[in-house]
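**Q** Just dropping this structure here.
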Amino acid sequence: MQEFVLRSDAAGVATLTLNRPEKLNALSVPLFRDLRRHIDDIAAHSLEIEVVVLRGAGKCFSAGHDLRDLVAGEDAPHPQFQAQTIEALANLPQPVIAAIHSHCYTGALELALAGDILMCGTSAAFADTHAKWALMPIWGLSQRLPRRIGTAKAREMMMTCATYTGQEARAMGLVNICVPDDQLDAEILKLCTTIRQNSPFSHRGTKQLLSDTDGMSLAAGLAYEIYRTPGVGPDMRERIDAFMNRKKR
């Protein structure tokens, strides 16, 4: 039986790879089932996994929702299954990196936007084509895209169905990092290493803080930060002692 999402763990990093390369990693219900299973397992072992990377096998990240399945009718566990799976990915306590090469269209863009950090190769091509097919976003795009690139640019993407290059995506703030394709693997590793040098406690707390205060007024957000802080991490003293000892040498 084919695994539609492959998982590999190394040095505290869990890499989830969309694995329908013969279909350009088109998003199907079986793929979402596999993805959800891995997400739930990572959430249950959040102290062992420090960073999660999502990427695609073969020629591209993903061409988007499988239109053939959409027209034929999909046997999802419930109507909101795909949306809730993407939400579960976004809500993982670990930093989530979406690493994109070539196609990242519509549903695939909605999936990628669940990442905390988006990076891509120069071959990346981004588009929202819901309007091309007389569809509406139901996997989070109408909320996450404007928050990432601003309402005006999101309207442009959604209404024109235009395709944007990796460099254009970097310029508009859709992705954080854009590098030549042959450097993408090395840059993923470099980013994961950089993140892992810092405190997992702080990463988890920061994600929760940003999520919980999204949409609050400045005053409410400041109050939340001050009065609902989880405090300091169990690794604080060890990290400070290591820094002070290094300075004494």
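The way I read the labels, and the way they are meant: chains A, B, ... in the order of the structure tokens, residue 1 as the first residue of every chain, and ligand 1 as the first ligand shown, with later ones counted on from there.
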Please identify the strand (DSSP E or B) residues within range 145-194 of chain A (assignment by DSSP from backbone atoms) and present them as a PyMOL selection string.

**A** chain A and resi 164-165+177-179

**Q** Show me, as a compact mmCIF listing (two decimals) with N, CA and C atoms, in the first residue's frame, the residues that have an atom within 12 Å of range 136-149 of chain A when counting only C-alpha atoms, minus same-chain residues fewer than 5 positions from it.

**A**
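Below is the file part36.txt, written as the result:
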# COMPACT_ATOMS: atom_id res chain seq x y z
N LEU A 27 -3.63 16.89 -3.66
CA LEU A 27 -4.11 16.63 -2.31
C LEU A 27 -5.42 15.85 -2.35
N GLY A 64 -1.96 21.16 -5.78
CA GLY A 64 -3.19 21.58 -5.14
C GLY A 64 -4.19 20.46 -4.96
N HIS A 65 -5.41 20.83 -4.64
CA HIS A 65 -6.50 19.87 -4.43
C HIS A 65 -6.71 19.04 -5.70
N PRO A 79 -16.98 16.53 6.79
CA PRO A 79 -16.81 17.60 5.79
C PRO A 79 -15.65 18.54 6.06
N GLN A 80 -15.27 18.74 7.30
CA GLN A 80 -14.19 19.67 7.62
C GLN A 80 -12.85 18.98 7.86
N PHE A 81 -12.72 17.74 7.44
CA PHE A 81 -11.53 16.96 7.78
C PHE A 81 -10.24 17.61 7.27
N GLN A 82 -10.22 18.01 6.00
CA GLN A 82 -8.99 18.60 5.45
C GLN A 82 -8.65 19.91 6.15
N ALA A 83 -9.65 20.75 6.35
CA ALA A 83 -9.41 22.03 7.03
C ALA A 83 -8.89 21.81 8.45
N GLN A 84 -9.45 20.85 9.15
CA GLN A 84 -9.02 20.59 10.52
C GLN A 84 -7.63 19.97 10.56
N THR A 85 -7.27 19.23 9.52
CA THR A 85 -5.91 18.68 9.44
C THR A 85 -4.89 19.80 9.26
N ILE A 86 -5.21 20.75 8.39
CA ILE A 86 -4.32 21.90 8.19
C ILE A 86 -4.22 22.71 9.47
N GLU A 87 -5.33 22.86 10.18
CA GLU A 87 -5.32 23.58 11.45
C GLU A 87 -4.46 22.85 12.47
N ALA A 88 -4.54 21.52 12.49
CA ALA A 88 -3.72 20.74 13.41
C ALA A 88 -2.24 20.92 13.11
N LEU A 89 -1.88 21.03 11.83
CA LEU A 89 -0.49 21.28 11.46
C LEU A 89 -0.06 22.66 11.96
N ALA A 90 -0.90 23.66 11.73
CA ALA A 90 -0.58 25.02 12.18
C ALA A 90 -0.45 25.09 13.69
N TYR A 105 -0.09 25.50 -5.60
CA TYR A 105 -1.31 26.15 -6.07
C TYR A 105 -2.50 25.88 -5.15
N THR A 106 -3.25 26.91 -4.86
CA THR A 106 -4.58 26.85 -4.27
C THR A 106 -4.59 26.03 -2.98
N GLY A 107 -5.11 24.80 -2.99
CA GLY A 107 -5.13 24.00 -1.77
C GLY A 107 -3.75 23.77 -1.21
N ALA A 108 -2.77 23.63 -2.07
CA ALA A 108 -1.39 23.46 -1.61
C ALA A 108 -0.89 24.72 -0.93
N LEU A 109 -1.30 25.87 -1.44
CA LEU A 109 -0.95 27.13 -0.79
C LEU A 109 -1.60 27.22 0.58
N GLU A 110 -2.85 26.79 0.67
CA GLU A 110 -3.52 26.78 1.97
C GLU A 110 -2.77 25.89 2.96
N LEU A 111 -2.29 24.76 2.48
CA LEU A 111 -1.52 23.85 3.33
C LEU A 111 -0.19 24.49 3.74
N ALA A 112 0.51 25.08 2.79
CA ALA A 112 1.81 25.69 3.09
C ALA A 112 1.68 26.83 4.08
N LEU A 113 0.57 27.57 4.01
CA LEU A 113 0.38 28.72 4.89
C LEU A 113 0.22 28.32 6.35
N ALA A 114 0.06 27.03 6.62
CA ALA A 114 0.05 26.56 8.01
C ALA A 114 1.43 26.60 8.62
N GLY A 115 2.46 26.77 7.81
CA GLY A 115 3.82 26.83 8.31
C GLY A 115 4.11 28.15 9.02
N ASP A 116 5.00 28.09 10.00
CA ASP A 116 5.46 29.31 10.66
C ASP A 116 6.44 30.07 9.77
N ILE A 117 7.26 29.32 9.07
CA ILE A 117 8.25 29.89 8.16
C ILE A 117 8.09 29.20 6.81
N LEU A 118 7.97 29.98 5.75
CA LEU A 118 7.89 29.43 4.40
C LEU A 118 9.19 29.75 3.68
N PHE A 126 3.54 30.17 -7.20
CA PHE A 126 2.43 30.26 -6.26
C PHE A 126 1.20 30.85 -6.96
N ALA A 127 0.04 30.30 -6.67
CA ALA A 127 -1.20 30.86 -7.21
C ALA A 127 -2.38 30.41 -6.37
N ASP A 128 -3.40 31.27 -6.32
CA ASP A 128 -4.69 30.89 -5.77
C ASP A 128 -5.69 30.88 -6.92
N THR A 129 -6.16 29.71 -7.29
CA THR A 129 -7.04 29.58 -8.46
C THR A 129 -8.47 29.18 -8.08
N HIS A 130 -8.87 29.45 -6.85
CA HIS A 130 -10.25 29.12 -6.47
C HIS A 130 -11.25 29.71 -7.45
N ALA A 131 -11.05 31.00 -7.80
CA ALA A 131 -12.01 31.67 -8.68
C ALA A 131 -12.02 31.09 -10.09
N ALA A 154 -3.53 40.15 -1.14
CA ALA A 154 -4.32 38.92 -1.11
C ALA A 154 -5.51 39.02 -2.08
N ARG A 155 -6.16 40.18 -2.12
CA ARG A 155 -7.25 40.38 -3.07
C ARG A 155 -6.74 40.20 -4.51
N GLU A 156 -5.58 40.74 -4.78
CA GLU A 156 -5.00 40.61 -6.12
C GLU A 156 -4.79 39.14 -6.48
N MET A 157 -4.16 38.40 -5.58
CA MET A 157 -3.90 36.99 -5.84
C MET A 157 -5.20 36.22 -6.05
N MET A 158 -6.18 36.48 -5.20
CA MET A 158 -7.42 35.70 -5.22
C MET A 158 -8.30 36.06 -6.41
N MET A 159 -8.25 37.30 -6.86
CA MET A 159 -9.15 37.74 -7.93
C MET A 159 -8.56 37.57 -9.33
N GLU A 168 9.15 36.73 -6.51
CA GLU A 168 8.02 37.63 -6.27
C GLU A 168 7.36 37.32 -4.93
N ALA A 169 7.27 36.04 -4.60
CA ALA A 169 6.70 35.64 -3.31
C ALA A 169 7.54 36.17 -2.16
N ARG A 170 8.85 36.14 -2.33
CA ARG A 170 9.74 36.69 -1.29
C ARG A 170 9.54 38.19 -1.17
N ALA A 171 9.41 38.89 -2.27
CA ALA A 171 9.26 40.34 -2.25
C ALA A 171 7.97 40.77 -1.57
N MET A 172 6.89 39.99 -1.74
CA MET A 172 5.61 40.36 -1.15
C MET A 172 5.44 39.82 0.27
N GLY A 173 6.42 39.07 0.75
CA GLY A 173 6.35 38.54 2.10
C GLY A 173 5.61 37.23 2.24
N LEU A 174 5.27 36.61 1.11
CA LEU A 174 4.59 35.32 1.16
C LEU A 174 5.53 34.24 1.70
N VAL A 175 6.78 34.28 1.27
CA VAL A 175 7.79 33.37 1.81
C VAL A 175 8.85 34.19 2.53
N ASN A 176 9.51 33.57 3.49
CA ASN A 176 10.58 34.24 4.23
C ASN A 176 11.92 34.17 3.51
N SER A 211 -0.44 33.16 18.58
CA SER A 211 -1.75 32.64 18.19
C SER A 211 -2.86 33.20 19.07
N ASP A 214 -3.54 37.05 18.45
CA ASP A 214 -3.84 37.50 17.10
C ASP A 214 -5.22 38.16 17.06
N GLY A 215 -5.28 39.39 16.62
CA GLY A 215 -6.54 40.11 16.54
C GLY A 215 -6.87 40.93 17.77

**Q** List the spatial neighbours of Val52 in chain A as a PyMOL selection string - criterion: any atom at most 6 Å away, only C-alpha atoms, same-chain residues fewer than 5 positions off excluded.

**A** chain A and resi 13-15+96

**Q** Given the choices A:Leu6, A:Leu24, A:Val29, A:Ala223, which gets closest to His78 in chain A if the distance is worked out from only C-alpha atoms?

**A** A:Val29

**Q** For a test of reading the model, state the distance in Å between CA of Cys104 in chain A and CA of Ala63 in chain A, rounded to one decimal.

**A**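 Separating CA of Cys104 in chain A from CA of Ala63 in chain A is a distance of 5.6 Å.
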
**Q** Within 12 Å of Pro234 in chain A, counting only C-alpha atoms, which residues show up once you throw out same-chain ones fewer than 2 positions away? Write them as a ChimeraX atom specification, please.

**A** /A:199-202,230-232,236-240

**Q** Using only C-alpha atoms, which residues sit within 10 Å of Cys192 in chain A once same-chain residues fewer than 5 positions away are excluded, as a VMD selection string?

**A** chain A and resid 11 to 13 50 to 53 95 to 97 186 to 187 197

**Q** Write out as a PyMOL selection string the set of residues from range 20-134 of chain A that DSSP, computed on the backbone, places in alpha helix (DSSP H).

**A** chain A and resi 29-44+67-72+81-90+107-112

**Q** Might you pull out every residue within 10 Å of Ile188 in chain A, with only C-alpha atoms counted and same-chain residues fewer than 3 positions away left off, and present them as a list of chain:residue names?

**A** A:Val53, A:Ile97, A:Ala98, A:Ala99, A:Met119, A:Cys120, A:Ile177, A:Gln183, A:Leu184, A:Asp185, A:Leu191, A:Cys192, A:Thr193, A:Thr194

**Q** Kindly indicate which residue among A:Pro30, A:Val71, A:Glu3, A:Ala43 lies nearest to Ala57 in chain A, using only C-alpha atoms for the distances.

**A**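 Counting only C-alpha atoms, the residue closest to Ala57 in chain A is A:Glu3.
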